[in-house]
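What's in final12.txt: compact mmCIF, C-alpha atoms
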# COMPACT_ATOMS: atom_id res chain seq x y z
CA MET W 1 -14.75 17.49 5.31
CA PRO W 2 -12.33 15.35 7.37
CA GLY W 3 -14.50 15.80 10.43
CA MET W 4 -17.33 14.06 8.62
CA HIS W 5 -15.43 10.78 8.65
CA THR W 6 -14.15 10.39 12.21
CA THR W 7 -16.58 7.66 13.27
CA ILE W 8 -16.47 5.28 10.33
CA MET W 9 -14.54 2.51 12.11
CA PRO W 10 -16.45 -0.22 13.97
CA ALA W 11 -15.36 -1.49 17.36
CA GLU W 12 -14.80 -4.98 15.91
CA PRO W 13 -13.43 -5.43 12.37
CA SER W 14 -15.51 -7.78 10.23
CA THR W 15 -14.26 -11.31 9.60
CA THR W 16 -13.52 -13.07 6.34
CA ASP W 17 -14.93 -16.41 5.22
CA PRO W 18 -12.75 -19.01 3.43
CA LEU W 19 -13.66 -17.83 -0.07
CA GLY W 20 -12.92 -14.24 0.91
CA ARG W 21 -9.49 -15.29 2.17
CA LEU W 22 -8.79 -16.95 -1.16
CA ARG W 23 -9.87 -13.77 -2.94
CA LEU W 24 -7.44 -11.83 -0.74
CA MET W 25 -4.61 -14.17 -1.75
CA GLN W 26 -5.47 -13.44 -5.37
CA LEU W 27 -5.56 -9.70 -4.74
CA ILE W 28 -2.09 -9.60 -3.13
CA SER W 29 -0.46 -12.17 -5.39
CA PRO W 30 2.66 -11.03 -7.29
CA ALA W 31 0.94 -12.57 -10.32
CA LEU W 32 -1.78 -9.91 -10.25
CA PRO W 33 -1.25 -8.02 -13.53
CA ILE W 34 -0.90 -4.47 -12.19
CA GLY W 35 2.89 -4.12 -12.46
CA ALA W 36 3.68 -4.02 -8.74
CA PHE W 37 7.04 -5.72 -9.36
CA THR W 38 8.26 -2.76 -11.43
CA TYR W 39 8.43 -0.37 -8.44
CA SER W 40 11.01 -0.13 -5.66
CA GLN W 41 9.73 3.10 -4.04
CA GLY W 42 13.16 4.66 -3.70
CA LEU W 43 14.85 1.47 -2.54
CA GLU W 44 16.93 1.28 -5.72
CA TRP W 45 18.62 4.60 -4.99
CA ALA W 46 18.95 3.75 -1.27
CA VAL W 47 20.96 0.70 -2.31
CA GLU W 48 23.00 2.75 -4.79
CA ALA W 49 23.78 5.29 -2.04
CA GLY W 50 24.84 2.57 0.40
CA TRP W 51 21.98 3.22 2.82
CA VAL W 52 20.75 -0.35 2.35
CA ARG W 53 23.47 -2.95 1.79
CA SER W 54 22.58 -5.97 3.93
CA ALA W 55 19.66 -7.77 5.55
CA PRO W 56 19.98 -5.80 8.84
CA SER W 57 20.05 -2.43 7.05
CA LEU W 58 17.05 -3.51 4.96
CA VAL W 59 15.16 -4.35 8.16
CA ASP W 60 15.99 -0.86 9.48
CA TRP W 61 14.86 0.80 6.23
CA LEU W 62 11.61 -1.09 5.85
CA GLY W 63 10.86 -1.03 9.57
CA GLY W 64 11.05 2.75 9.53
CA LEU W 65 8.71 2.93 6.54
CA ILE W 66 6.26 0.62 8.29
CA ASP W 67 6.22 2.72 11.46
CA ASP W 68 6.27 6.14 9.78
CA GLY W 69 4.35 5.39 6.59
CA LEU W 70 2.07 2.38 6.64
CA ALA W 71 0.98 2.82 10.25
CA GLN W 72 0.34 6.55 10.06
CA LEU W 73 -0.76 7.13 6.48
CA GLU W 74 -1.56 4.33 4.02
CA LEU W 75 -3.34 1.93 6.35
CA PRO W 76 -5.52 4.47 8.21
CA ILE W 77 -6.57 5.89 4.84
CA LEU W 78 -7.19 2.37 3.52
CA VAL W 79 -9.57 1.88 6.46
CA ARG W 80 -11.50 4.98 5.42
CA LEU W 81 -11.52 4.00 1.76
CA TYR W 82 -12.94 0.61 2.73
CA ARG W 83 -15.74 2.25 4.73
CA CYS W 84 -16.48 4.64 1.88
CA CYS W 85 -16.91 1.65 -0.44
CA GLU W 86 -19.14 -0.09 2.09
CA GLN W 87 -21.29 3.03 2.34
CA ALA W 88 -21.32 3.57 -1.44
CA ASP W 89 -19.96 7.10 -1.03
CA PRO W 90 -17.79 7.93 -4.07
CA ASP W 91 -17.37 11.57 -3.01
CA ALA W 92 -15.76 10.59 0.29
CA LEU W 93 -13.80 7.89 -1.54
CA ALA W 94 -12.33 10.52 -3.86
CA TYR W 95 -11.56 12.79 -0.90
CA TRP W 96 -9.49 10.22 0.96
CA GLY W 97 -7.81 9.11 -2.25
CA ARG W 98 -6.69 12.68 -2.85
CA VAL W 99 -5.37 12.90 0.72
CA LEU W 100 -3.13 9.90 0.13
CA TYR W 101 -2.04 11.14 -3.30
CA ALA W 102 -1.17 14.56 -1.86
CA ALA W 103 1.10 12.90 0.70
CA ARG W 104 3.32 11.47 -2.04
CA GLU W 105 6.30 13.78 -2.18
CA THR W 106 7.86 12.99 -5.56
CA ARG W 107 6.83 12.71 -9.18
CA GLU W 108 7.68 9.01 -9.23
CA LEU W 109 5.61 8.14 -6.15
CA ARG W 110 2.64 10.09 -7.48
CA ALA W 111 2.93 8.41 -10.87
CA GLU W 112 3.06 5.01 -9.19
CA GLU W 113 -0.17 5.70 -7.33
CA ARG W 114 -1.95 6.74 -10.52
CA ASN W 115 -0.55 3.96 -12.69
CA ARG W 116 -1.24 1.14 -10.27
CA ALA W 117 -4.70 2.51 -9.51
CA ARG W 118 -5.53 2.67 -13.20
CA ALA W 119 -4.29 -0.88 -13.79
CA LEU W 120 -6.23 -2.29 -10.85
CA ILE W 121 -9.41 -0.42 -11.78
CA SER W 122 -9.28 -1.86 -15.29
CA LEU W 123 -8.62 -5.35 -13.98
CA LEU W 124 -11.50 -5.21 -11.48
CA ALA W 125 -13.86 -3.93 -14.16
CA ASP W 126 -12.82 -6.82 -16.40
CA LEU W 127 -13.45 -9.21 -13.50
CA GLY W 128 -17.04 -8.01 -13.22
CA ILE W 129 -16.92 -5.39 -10.46
CA GLY W 130 -19.22 -2.78 -11.94
CA ARG W 131 -18.35 -0.04 -9.46
CA ALA W 132 -14.75 -0.13 -10.66
CA ARG W 133 -16.07 1.23 -13.95
CA ASP W 134 -18.75 3.50 -12.47
CA TRP W 135 -16.42 5.04 -9.88
CA ARG W 136 -13.31 5.16 -12.07
CA GLU W 137 -12.62 8.84 -11.42
CA ALA W 138 -13.11 8.58 -7.66
CA LEU W 139 -10.90 5.49 -7.48
CA GLY W 140 -8.09 6.80 -9.65
CA HIS W 141 -6.05 8.80 -7.14
CA CYS W 142 -4.32 5.90 -5.40
CA GLN W 143 -3.98 2.15 -5.60
CA ALA W 144 -5.47 1.68 -2.13
CA ALA W 145 -8.89 2.83 -3.36
CA PRO W 146 -9.56 0.04 -5.89
CA PHE W 147 -7.89 -2.38 -3.46
CA ALA W 148 -10.49 -1.40 -0.85
CA LEU W 149 -13.29 -1.71 -3.38
CA ALA W 150 -12.20 -5.25 -4.29
CA ALA W 151 -12.02 -6.18 -0.61
CA VAL W 152 -15.56 -4.95 0.04
CA GLN W 153 -16.92 -6.57 -3.12
CA TRP W 154 -15.28 -9.92 -2.30
CA GLN W 155 -16.33 -9.75 1.38
CA ILE W 156 -12.82 -9.56 2.73
CA GLY W 157 -12.96 -8.28 6.30
CA LEU W 158 -11.43 -4.92 7.12
CA GLN W 159 -8.61 -6.25 9.29
CA ASP W 160 -7.71 -8.89 6.71
CA CYS W 161 -7.83 -6.26 3.97
CA ALA W 162 -5.32 -4.12 5.87
CA LEU W 163 -3.07 -7.09 6.66
CA GLY W 164 -3.11 -8.14 3.01
CA TYR W 165 -2.27 -4.64 1.80
CA ALA W 166 0.63 -4.39 4.26
CA TRP W 167 1.92 -7.85 3.40
CA GLY W 168 1.78 -7.12 -0.33
CA TRP W 169 3.84 -3.97 0.18
CA LEU W 170 6.40 -5.82 2.30
CA GLU W 171 6.70 -8.72 -0.13
CA ASN W 172 7.28 -6.37 -3.08
CA GLN W 173 9.94 -4.42 -1.21
CA VAL W 174 11.81 -7.56 -0.16
CA ALA W 175 11.60 -8.94 -3.70
CA ALA W 176 13.15 -5.72 -5.00
CA ALA W 177 15.91 -5.87 -2.37
CA ILE W 178 16.78 -9.44 -3.32
CA LYS W 179 17.60 -8.17 -6.81
CA LEU W 180 19.21 -4.90 -5.79
CA VAL W 181 21.35 -5.43 -2.68
CA PRO W 182 21.58 -8.31 -3.63
CA LEU W 183 20.20 -10.58 -0.93
CA GLY W 184 19.95 -14.33 -1.00
CA GLN W 185 16.49 -15.84 -1.05
CA THR W 186 16.91 -17.12 2.51
CA ASP W 187 17.95 -13.70 3.80
CA GLY W 188 14.91 -12.25 2.08
CA GLN W 189 12.69 -14.73 3.88
CA ARG W 190 14.34 -13.86 7.20
CA VAL W 191 13.60 -10.18 6.62
CA GLN W 192 9.96 -10.92 5.80
CA LEU W 193 9.62 -13.18 8.82
CA GLU W 194 11.01 -10.53 11.15
CA LEU W 195 9.02 -7.59 9.81
CA ALA W 196 5.78 -9.55 9.43
CA GLY W 197 5.79 -9.90 13.20
CA HIS W 198 5.26 -6.13 13.48
CA LEU W 199 2.31 -5.93 11.11
CA PRO W 200 -0.55 -7.06 13.41
CA GLY W 201 0.29 -4.30 15.88
CA VAL W 202 0.57 -1.78 13.05
CA ILE W 203 -2.87 -2.80 11.80
CA GLU W 204 -4.32 -2.35 15.26
CA ARG W 205 -2.91 1.19 15.40
CA ALA W 206 -4.26 2.00 11.97
CA LEU W 207 -7.75 0.78 12.82
CA ASN W 208 -7.94 3.15 15.76
CA LEU W 209 -6.19 6.24 14.41
CA ALA W 210 -8.29 9.42 14.38
CA ASP W 211 -8.51 11.63 11.30
CA GLU W 212 -6.43 14.41 12.83
CA ASP W 213 -3.57 11.99 13.59
CA ILE W 214 -3.19 10.77 10.00
CA GLY W 215 0.06 11.86 8.40
CA ALA W 216 3.62 10.71 7.86
CA SER W 217 7.03 12.18 7.30
CA ALA W 218 9.73 10.02 5.72
CA PRO W 219 12.42 12.42 4.48
CA ALA W 220 14.85 9.65 3.51
CA LEU W 221 12.20 8.04 1.30
CA ALA W 222 11.45 11.37 -0.35
CA ILE W 223 15.15 11.98 -1.01
CA ALA W 224 15.72 8.46 -2.34
CA SER W 225 12.70 8.67 -4.63
CA ALA W 226 13.65 12.12 -5.94
CA ARG W 227 17.24 11.04 -6.60
CA HIS W 228 16.03 7.87 -8.30
CA GLU W 229 14.25 10.00 -10.91
CA THR W 230 17.67 10.90 -12.37
CA GLN W 231 19.60 7.74 -11.44
CA TYR W 232 21.80 6.79 -14.40
CA THR W 233 21.06 3.06 -14.51
CA ARG W 234 18.03 1.53 -12.90
CA LEU W 235 15.84 -1.56 -13.00
CA PHE W 236 12.70 -0.10 -11.43
CA ARG W 237 10.26 2.65 -12.34
CA SER W 238 10.38 4.24 -8.89
Will you turn the file into structure tokens for me?
Amino acid sequence: MPGMHTTIMPAEPSTTDPLGRLRLMQLISPALPIGAFTYSQGLEWAVEAGWVRSAPSLVDWLGGLIDDGLAQLELPILVRLYRCCEQADPDALAYWGRVLYAARETRELRAEERNRARALISLLADLGIGRARDWREALGHCQAAPFALAAVQWQIGLQDCALGYAWGWLENQVAAAIKLVPLGQTDGQRVQLELAGHLPGVIERALNLADEDIGASAPALAIASARHETQYTRLFRS
């Protein structure tokens, strides 16, 4: 089945009009009621273990996850999920959602995908996106699937959709680090400023990645997430 989806990306990503950009801001806002702020994705244990203890070490940690995770796994699959929504193909949508879910190496990371997907599906259905209800099962494997559906429904261009998804991930991670390391607010902004500069190039890679090149290995993330499952005191769900 993967070979059926190797040509879904256009040469030029579609653009977003002003209303679509506002919808994207709403979709990636920390105020969106899907519980994104409750997850650290292993960062809490990485801080506990001393792997992340300052702004420079946070840049190293998140930069590695951007290069090895977002660029090679989440964002290329998000591109395919977006195209599946455009083409009204729930079977292919479910396929790529399962691929992303299968790549999550711990119980916590898998639960996060399911929980955030479920919350976003319910929210989109309540906001009047009928396919969120009709395609609930196909969308339920990962949070990127309903995110892609919202982007297509609200006419958010593909490149902007990917940038928004990546920025939302980065902002949540930095917000968690500010609490956990702890970092000052200004240091957090410096980290975001530095890492945001890498995201356009990462998006470009993701837009052009072939099916057979999708995949990521982040052993430190898997270890941190697995150890977080039994961490004695914790603020975050993952």
Could you build a table of the residues in segment 63-151 of chain W lying no more than 12 Å from segment 43-58 of chain W, giving for each the nearest pair of atoms and their separation in Å rounded to one decimal place, using all atoms listed in the file, ordered by chain and ascending residue number, as a Markdown table?
| residue | atom | partner | partner_atom | distance |
| --- | --- | --- | --- | --- |
| W:Gly63 | CA | W:Leu58 | CA | 8.1 |
| W:Gly64 | CA | W:Leu58 | CA | 9.8 |
| W:Leu65 | CA | W:Leu58 | CA | 10.7 |
| W:Leu109 | CA | W:Leu43 | CA | 12.0 |
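Take atom CA of Ala103 of chain W and atom CA of Glu74 of chain W: the distance between them is 9.6 Å.
Of the listed residues (W:Leu81, W:Ile129, W:Val174, W:Ala117), W:Val174 comes nearest to Leu193 of chain W; the distances count all atoms listed in the file.
We find atom CA of Ala206 of chain W and atom CA of Gln159 of chain W to be spaced 9.7 Å apart.
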If we draw a sphere of 6 Å around (1.5, 8.1, 9.8), which residues have at least one atom in it when counting all atoms listed in the file? Please report them as a PDB file with C-alpha atoms, keeping the file's coordinate frame.
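File result-v8.pdb, as written:
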ATOM      1  CA  ASP W  68       6.270   6.140   9.780  1.00  0.00           C
ATOM      2  CA  GLY W  69       4.350   5.390   6.590  1.00  0.00           C
ATOM      3  CA  ALA W  71       0.980   2.820  10.250  1.00  0.00           C
ATOM      4  CA  GLN W  72       0.340   6.550  10.060  1.00  0.00           C
ATOM      5  CA  LEU W  73      -0.760   7.130   6.480  1.00  0.00           C
ATOM      6  CA  ILE W 214      -3.190  10.770  10.000  1.00  0.00           C
ATOM      7  CA  GLY W 215       0.060  11.860   8.400  1.00  0.00           C
ATOM      8  CA  ALA W 216       3.620  10.710   7.860  1.00  0.00           C
TER       9      ALA W 216
END
Go ahead and compute the interatomic distance for atom CA of Gly128 of chain W and atom CA of Asp160 of chain W, in Å to one decimal.
22.0 Å
Quick one: everything within 8 Å of Pro200 of chain W, counting all atoms listed in the file, minus sequence neighbours fewer than 4 positions away in the same chain. Send it as a list in words.
Leu163, Ala196 and Glu204 of chain W
For the selection you just gave me, I'd like the residues written to a file as a tab-separated table (two decimals), keeping the file's coordinate frame, keeping C-alpha atoms.
chain	number	residue	atom	x	y	z
W	163	LEU	CA	-3.07	-7.09	6.66
W	196	ALA	CA	5.78	-9.55	9.43
W	204	GLU	CA	-4.32	-2.35	15.26
